[in-house]
Amino acid sequence: MLVLGIETSCDETGVAVYDSDRGLLAHTLYSQVKLHADYGGVVPELASRDHIRKILPLLDEVLESAGVLKQDLDGIAYTAGPGLMGALMVGGAMATALGFALDIPVVGVHHMEAHLLAPMLENNPPDFPFVALLVSGGHTQLVSVASIGDYELLGESLDDAAGEAFDKTAKMLDLDYPGGPVLAKLAEQGEIERFTFPRPMTDRPGLDFSFSGLKTFTRNLIDKHRGNDVLPDDQTIADICAGFQEAVVDTLVIKCKRAAIASGIKTLVIAGGVSANTRLRHKLEVVLKEEGVEVFYARHEFCTDNGAMIAYAGCQRLLAGQSNPLSISATPRWPLDQLSQPSSTDVLKESI
């Protein structure tokens, strides 16, 4: 099955072509980072308008790169949520119109399910079941994954997501946008042990997260080292970045280890934008190896939002006979555990 994937949930326009027999044929991505940099965050109206401008040129580009025509497509997948309503509508409208014109099925994909399945695009994909850490700017969740669509939420952030905490801390330090990756880069130059940061909610049982207190601690630390309303010196900023990142990483690692031990599952998948963090990957591999747990993740280009993961996830749903009615589906808030499990699981397993 040849599937077109369209991602427009936030500030990146991604388009890809995936074939159930040959794998990923082509993908392309346009980032709106420069557009939103002056505002220090995503402006929903600007994001929607930019998706409209970019989606058709990207569609033509990816089809040409894949060496296929629109008429060759067997199905279309698009991000139906969660995300920004206007941005979701752009991808939904494009997919639905194209599906109607070509008389092929269209399916709306859950954005976080697609992230969760992104490691399946690698040469060495994980086997079911596994525990997944979904960690991004909008989500921090631990999920038990028995099969596609069969998800059990084990724990989640009670306030800020990990990626959100990275971005907000970067903003306190007046770092460039997007702040999370800049903070992580500066952390490489810092002294981790200079400041003692808390590891929130690790001193009690459970798998939930909370990063708001860590963010407040960091704000107070920054204020303590200010001089005449001027930010701390460069080395102090780097040390704060290093200590903050280590606290977030340790918190995530501790909870992942707990989840693996409690479930008895020996496979962990990390997905979402923060899964690209090299410190997180390293510490997860080291700590979980001691428990006999193998860690899987997508390549860096598929950690952030992209069309390839949407095409893959949509292909699995379409192979199982699922599709949307001829209407645009957009669900800004969509809990992952509300997803249905495809009935044709044998078809899905064969395709994987």
# chains A, B, ... in the order shown; residues from 1 in each chain; ligands from 1

$ residues_around --residues "Phe100 (chain A)" --least-positions-apart "2" --cutoff "12 Å" --atoms "only C-alpha atoms" --output "VMD selection string"
chain A and resid 75 to 76 93 to 98 102 to 106 324 to 328

$ write_last_selection --atoms "all heavy atoms" --output "short mmCIF file (atom, residue, chain, number, x, y, z; two decimals), in the first residue's frame"
data_model
loop_
_atom_site.label_atom_id
_atom_site.label_comp_id
_atom_site.auth_asym_id
_atom_site.auth_seq_id
_atom_site.Cartn_x
_atom_site.Cartn_y
_atom_site.Cartn_z
N GLY A 75 -3.73 5.56 -0.47
CA GLY A 75 -4.38 6.14 0.70
C GLY A 75 -3.63 7.36 1.17
O GLY A 75 -2.48 7.61 0.77
N ILE A 76 -4.28 8.16 2.02
CA ILE A 76 -3.69 9.39 2.55
C ILE A 76 -3.91 9.42 4.06
O ILE A 76 -4.99 9.11 4.55
CB ILE A 76 -4.32 10.63 1.91
CG1 ILE A 76 -4.17 10.58 0.38
CG2 ILE A 76 -3.68 11.91 2.46
CD1 ILE A 76 -4.90 11.69 -0.34
N ALA A 93 -7.88 19.39 5.46
CA ALA A 93 -8.55 19.84 4.23
C ALA A 93 -7.81 19.34 3.00
O ALA A 93 -8.43 18.87 2.03
CB ALA A 93 -8.64 21.37 4.21
N MET A 94 -6.48 19.42 3.02
CA MET A 94 -5.69 18.94 1.88
C MET A 94 -5.89 17.44 1.67
O MET A 94 -6.14 16.97 0.55
CB MET A 94 -4.21 19.25 2.12
CG MET A 94 -3.25 18.56 1.15
SD MET A 94 -3.53 19.05 -0.57
CE MET A 94 -2.89 20.72 -0.52
N ALA A 95 -5.80 16.67 2.75
CA ALA A 95 -5.92 15.21 2.64
C ALA A 95 -7.31 14.80 2.18
O ALA A 95 -7.46 13.94 1.31
CB ALA A 95 -5.61 14.57 4.00
N THR A 96 -8.33 15.43 2.74
CA THR A 96 -9.71 15.07 2.40
C THR A 96 -10.03 15.42 0.96
O THR A 96 -10.66 14.63 0.23
CB THR A 96 -10.69 15.78 3.35
OG1 THR A 96 -10.36 15.44 4.71
CG2 THR A 96 -12.12 15.35 3.07
N ALA A 97 -9.62 16.60 0.52
CA ALA A 97 -9.87 17.02 -0.86
C ALA A 97 -9.15 16.11 -1.85
O ALA A 97 -9.72 15.69 -2.87
CB ALA A 97 -9.44 18.47 -1.06
N LEU A 98 -7.90 15.78 -1.53
CA LEU A 98 -7.12 14.93 -2.43
C LEU A 98 -7.69 13.51 -2.44
O LEU A 98 -7.77 12.87 -3.51
CB LEU A 98 -5.66 14.92 -1.97
CG LEU A 98 -4.61 14.37 -2.95
CD1 LEU A 98 -4.65 15.11 -4.26
CD2 LEU A 98 -3.22 14.50 -2.32
N LEU A 102 -9.15 11.66 -5.81
CA LEU A 102 -8.52 10.41 -6.28
C LEU A 102 -9.36 9.18 -5.96
O LEU A 102 -9.01 8.07 -6.39
CB LEU A 102 -7.14 10.27 -5.64
CG LEU A 102 -6.09 11.35 -5.98
CD1 LEU A 102 -4.84 11.17 -5.13
CD2 LEU A 102 -5.74 11.31 -7.46
N ASP A 103 -10.43 9.38 -5.18
CA ASP A 103 -11.31 8.28 -4.77
C ASP A 103 -10.52 7.20 -4.03
O ASP A 103 -10.61 6.00 -4.34
CB ASP A 103 -12.04 7.68 -5.98
CG ASP A 103 -13.18 6.74 -5.56
OD1 ASP A 103 -13.70 6.93 -4.44
OD2 ASP A 103 -13.54 5.84 -6.34
N ILE A 104 -9.74 7.63 -3.04
CA ILE A 104 -8.97 6.71 -2.20
C ILE A 104 -9.26 7.02 -0.73
O ILE A 104 -9.66 8.13 -0.40
CB ILE A 104 -7.45 6.80 -2.48
CG1 ILE A 104 -6.94 8.24 -2.28
CG2 ILE A 104 -7.12 6.30 -3.87
CD1 ILE A 104 -5.43 8.38 -2.46
N PRO A 105 -9.05 6.04 0.16
CA PRO A 105 -9.37 6.27 1.58
C PRO A 105 -8.42 7.26 2.25
O PRO A 105 -7.24 7.37 1.89
CB PRO A 105 -9.24 4.87 2.20
CG PRO A 105 -8.32 4.14 1.28
CD PRO A 105 -8.60 4.67 -0.09
N VAL A 106 -8.96 7.96 3.24
CA VAL A 106 -8.21 8.94 4.02
C VAL A 106 -8.38 8.59 5.50
O VAL A 106 -9.48 8.23 5.93
CB VAL A 106 -8.73 10.36 3.75
CG1 VAL A 106 -8.01 11.38 4.64
CG2 VAL A 106 -8.55 10.73 2.28
N ASN A 324 -11.48 7.45 7.43
CA ASN A 324 -12.40 8.48 7.90
C ASN A 324 -13.53 8.67 6.91
O ASN A 324 -13.35 8.45 5.71
CB ASN A 324 -11.67 9.81 8.07
CG ASN A 324 -10.81 9.84 9.32
OD1 ASN A 324 -10.32 8.80 9.76
ND2 ASN A 324 -10.63 11.01 9.88
N PRO A 325 -14.69 9.13 7.37
CA PRO A 325 -15.74 9.54 6.43
C PRO A 325 -15.29 10.79 5.68
O PRO A 325 -14.24 11.37 6.01
CB PRO A 325 -16.94 9.84 7.34
CG PRO A 325 -16.33 10.15 8.67
CD PRO A 325 -15.10 9.29 8.78
N LEU A 326 -16.04 11.19 4.69
CA LEU A 326 -15.66 12.33 3.86
C LEU A 326 -15.92 13.64 4.61
O LEU A 326 -16.81 14.41 4.28
CB LEU A 326 -16.44 12.31 2.54
CG LEU A 326 -15.93 13.29 1.47
CD1 LEU A 326 -14.50 12.95 1.09
CD2 LEU A 326 -16.83 13.22 0.24
N SER A 327 -15.14 13.85 5.65
CA SER A 327 -15.22 15.08 6.44
C SER A 327 -13.87 15.28 7.10
O SER A 327 -13.09 14.34 7.27
CB SER A 327 -16.32 14.98 7.50
OG SER A 327 -16.07 13.92 8.40
N ILE A 328 -13.57 16.53 7.46
CA ILE A 328 -12.27 16.84 8.06
C ILE A 328 -12.33 16.60 9.56
O ILE A 328 -13.19 17.15 10.25
CB ILE A 328 -11.90 18.31 7.78
CG1 ILE A 328 -11.87 18.57 6.28
CG2 ILE A 328 -10.54 18.63 8.39
CD1 ILE A 328 -11.76 20.03 5.92
#

$ select_by_dssp --residues "region 124-228 of chain A" --states "strand (DSSP E or B)" --output "list of chain:residue names"
A:Phe130, A:Val131, A:Ala132, A:Leu133, A:Leu134, A:Val135, A:Thr140, A:Gln141, A:Leu142, A:Val143, A:Ser144, A:Val145, A:Ala146, A:Ser147, A:Asp150, A:Tyr151, A:Glu152, A:Leu153, A:Leu154, A:Gly155, A:Glu156, A:Ser157, A:Phe209, A:Gly227

$ residues_around --residues "Phe244 (chain A)" --least-positions-apart "4" --cutoff "8 Å" --atoms "only C-alpha atoms" --output "mmCIF file with C-alpha atoms, in the first residue's frame"
data_model
loop_
_atom_site.group_PDB
_atom_site.id
_atom_site.type_symbol
_atom_site.label_atom_id
_atom_site.label_comp_id
_atom_site.auth_asym_id
_atom_site.auth_seq_id
_atom_site.Cartn_x
_atom_site.Cartn_y
_atom_site.Cartn_z
ATOM 1 C CA PHE A 197 18.745 20.778 41.564
ATOM 2 C CA LEU A 214 11.940 22.552 39.059
ATOM 3 C CA THR A 218 15.652 27.499 38.431
ATOM 4 C CA ILE A 240 22.554 26.355 35.338
ATOM 5 C CA VAL A 248 15.104 16.613 34.011
#

$ closest_residue --among "A:Lys168, A:His111, A:Arg258, A:Lys289" --to "Lys215 (chain A)" --atoms "only C-alpha atoms"
A:Lys168

$ atom_distance --atom1 "CA of Ile261 (chain A)" --atom2 "CA of Val249 (chain A)"
18.3 Å

$ closest_atom_pairs --of "region 188-221 of chain A" --to "region 137-153 of chain A" --cutoff "9 Å" --atoms "only C-alpha atoms" --output "JSON lines"
{"residue": "A:Leu207", "atom": "CA", "partner": "A:Leu142", "partner_atom": "CA", "distance": 7.5}
{"residue": "A:Asp208", "atom": "CA", "partner": "A:Gln141", "partner_atom": "CA", "distance": 8.0}
{"residue": "A:Phe209", "atom": "CA", "partner": "A:Thr140", "partner_atom": "CA", "distance": 7.6}
